[in-house]
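**Student:** Below is the structure I would like to discuss, written out as structure tokens.
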Amino acid sequence: MRILILGAGFAGVATARALERCLRADEAEITIVGRDNFSLFTPMLPEVSAGGLETRHIVTPVRAELRRARFVLADVAAIDLDARTVEVQHSITGAKQTLAYDQLVFALGSVTSTFGIPGVAEHALPLKTLEDAERLRNRAIASLELADVTTDPAERARLLTFVIVGGGYTGAEGTGEWIDLFHSITPYYRSFSPRDVRIVLIEAGPLLLAGLPPAMGRYTMKNLAARGVEIHLGDAVTSLDERAIHLASGTAIPTATVLWSAGVRPTPVVRNLPLQHARNGGIVVNRDFSVPDRPGVWALGDCAWIPMKAAGEWYPMTAQHAIREGPALARKIAAVLRGGATKPFDFTALGTMASLGGRRGVASLAGGPVITGFPAWFLWRTYYLSRLPGLDRKVRVALDWALGLLFRRDIAELRVYTQRAQERAARDAGLDPEAN
């Protein structure tokens, strides 16, 4: 039996690891396909973007997490559900390969949604990948460097204005981390003060952290505003260009850096498949993760719409759920292979948490009150540190946090693999970068 898992994020890796436990080696051949050879611990990505954590400390090599499953480093190029084959393209060489399967698992995750707003794709920076985090940090530091040497007050104000769009988890946590970043590093710059840095948070809805207990949104707004953040609620973005972001109210905010965290959508590779799709393009599945009318095809994580027991409700796209969905799906696949029946997935969320930087946070435990301030921040760090895979990662992150109490954050702008860096390397080597 050939089991093929597409996606090596939380859901995909959790499924592969659980299948290794549920099935004997002679029962199934397990293959997992990922575009990166590591899994990313996304809850800590905002801290990486603001220099609070080292990049490699929140990633774990996929091969190190598996015991016998085969890992293929590749992008998914084409899927033929009738022929039961998937064409993949190697991430390094570009070579294509066809993988056959008997059981197929979609765990491809999500990508940033721009909602078709003009200029967002070209000028805003998302925060979904390690590359995104590094680009954001470099953009922020580059803006400070430019602001330090410009003589035009208006241009300096534009460079020192940092805009976050979206008041959900990523937006709120990214805003809090940026406050800490600029508080830490602006003393290195002589021509402006920390008070000159303007941080703007824009949310189209009426409150922050929508969909969570209102007390969490209220505390988040109060905390960020008290730390100098300018918050715009109920005002949507209409367009973005290289000089400013434009809002539905007619407000134009000059800026050089926009963090876009307004929403996500399932990865485009699943959109054109002959399956039932939700309004955002996700794959609609049954309560046991099976895809309707497609025996042997399953979906979970951010690319799936998984119904809850209550009619009309769906499980949220969070890491907490993806980690639990993986083992549950593995048990269902094992049951099918052995001629048994599957059971509906049923999971009650343990709660929700968000870190706001400055040793403050918000948390709501299942069935309990909302916790705010330092206790919530400490709970966030304790829980997510425990969820990091591998003792080595736990130790490295704990050390990063400890060192952050003693030293300022780094202001080195690491332009690695950018076009400018490649051209400079070619010139240093005595080559003409224009020759090619």
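Identifiers for the structure tokens are assigned positionally: chains receive A, B, ... in sequence, residues are indexed from 1 per chain, and ligands are indexed from 1 in the order shown.
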Sorted by chain and rising residue number, list the residues of stretch 36-107 of chain A at most 12 Å from stretch 352-365 of chain A (counting only C-alpha atoms), each with its closest atom pair and distance in Å to one decimal, as JSON lines.
**Tutor:**
{"residue": "A:Pro43", "atom": "CA", "partner": "A:Ala354", "partner_atom": "CA", "distance": 9.1}
{"residue": "A:Met44", "atom": "CA", "partner": "A:Ser355", "partner_atom": "CA", "distance": 9.5}
{"residue": "A:Leu45", "atom": "CA", "partner": "A:Ser355", "partner_atom": "CA", "distance": 11.6}
{"residue": "A:Pro46", "atom": "CA", "partner": "A:Ser355", "partner_atom": "CA", "distance": 9.6}
{"residue": "A:Glu47", "atom": "CA", "partner": "A:Gly357", "partner_atom": "CA", "distance": 8.9}
{"residue": "A:Ala50", "atom": "CA", "partner": "A:Gly357", "partner_atom": "CA", "distance": 10.4}
{"residue": "A:Gly52", "atom": "CA", "partner": "A:Gly357", "partner_atom": "CA", "distance": 10.0}
**Student:** Limited to C-alpha atoms, could you put the picked residues into a file as a tab-separated table (two decimals), in the first residue's frame?
**Tutor:**
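selection_33.tsv was written with the following content:
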chain	number	residue	atom	x	y	z
A	43	PRO	CA	3.76	30.53	16.06
A	44	MET	CA	7.25	31.94	16.67
A	45	LEU	CA	7.69	33.47	13.21
A	46	PRO	CA	6.80	37.04	14.33
A	47	GLU	CA	9.71	36.91	16.80
A	50	ALA	CA	11.75	41.18	14.66
A	52	GLY	CA	14.00	38.10	18.82
**Student:** When distances are computed from only C-alpha atoms, which of A:Thr257, A:Ser39, A:Asn286, A:Thr220 shows the smallest separation from A:Val370?
**Tutor:**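 Residue with the minimum atom-to-atom distance to A:Val370: A:Thr220.
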**Student:** Just list the residues in stretch 49-235 of chain A DSSP gives helix (DSSP H, G or I) on the backbone, as an NGL selection string.
**Tutor:** :A and (49 or 55-58 or 62-65 or 120-123 or 130-149 or 153-159 or 169-188 or 194-196 or 214-226)
**Student:** Could you tell me how far atom CA of A:Val395 sits from atom CA of A:Leu53, in Å to one decimal place?
**Tutor:**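 So the answer is 12.1 Å.
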**Student:** Could you pull the residues within 9 Å of A:Pro194, counting only C-alpha atoms, minus those fewer than 6 positions along the same chain, as a compact mmCIF listing (two decimals) with C-alpha atoms, in the first residue's frame?
**Tutor:**
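Now in selection.txt:
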# COMPACT_ATOMS: atom_id res chain seq x y z
CA PHE A 182 12.44 49.46 17.46
CA HIS A 183 12.65 50.16 21.18
CA ILE A 185 17.64 49.22 18.14
CA THR A 186 16.71 52.87 17.51
CA PRO A 187 19.30 54.11 20.08
**Student:** Can you tell me which residues surround A:Asp196 at a distance of at most 12 Å, considering only C-alpha atoms, apart from same-chain residues fewer than 6 positions away, and format the answer as a count of residues only?
**Tutor:** 19
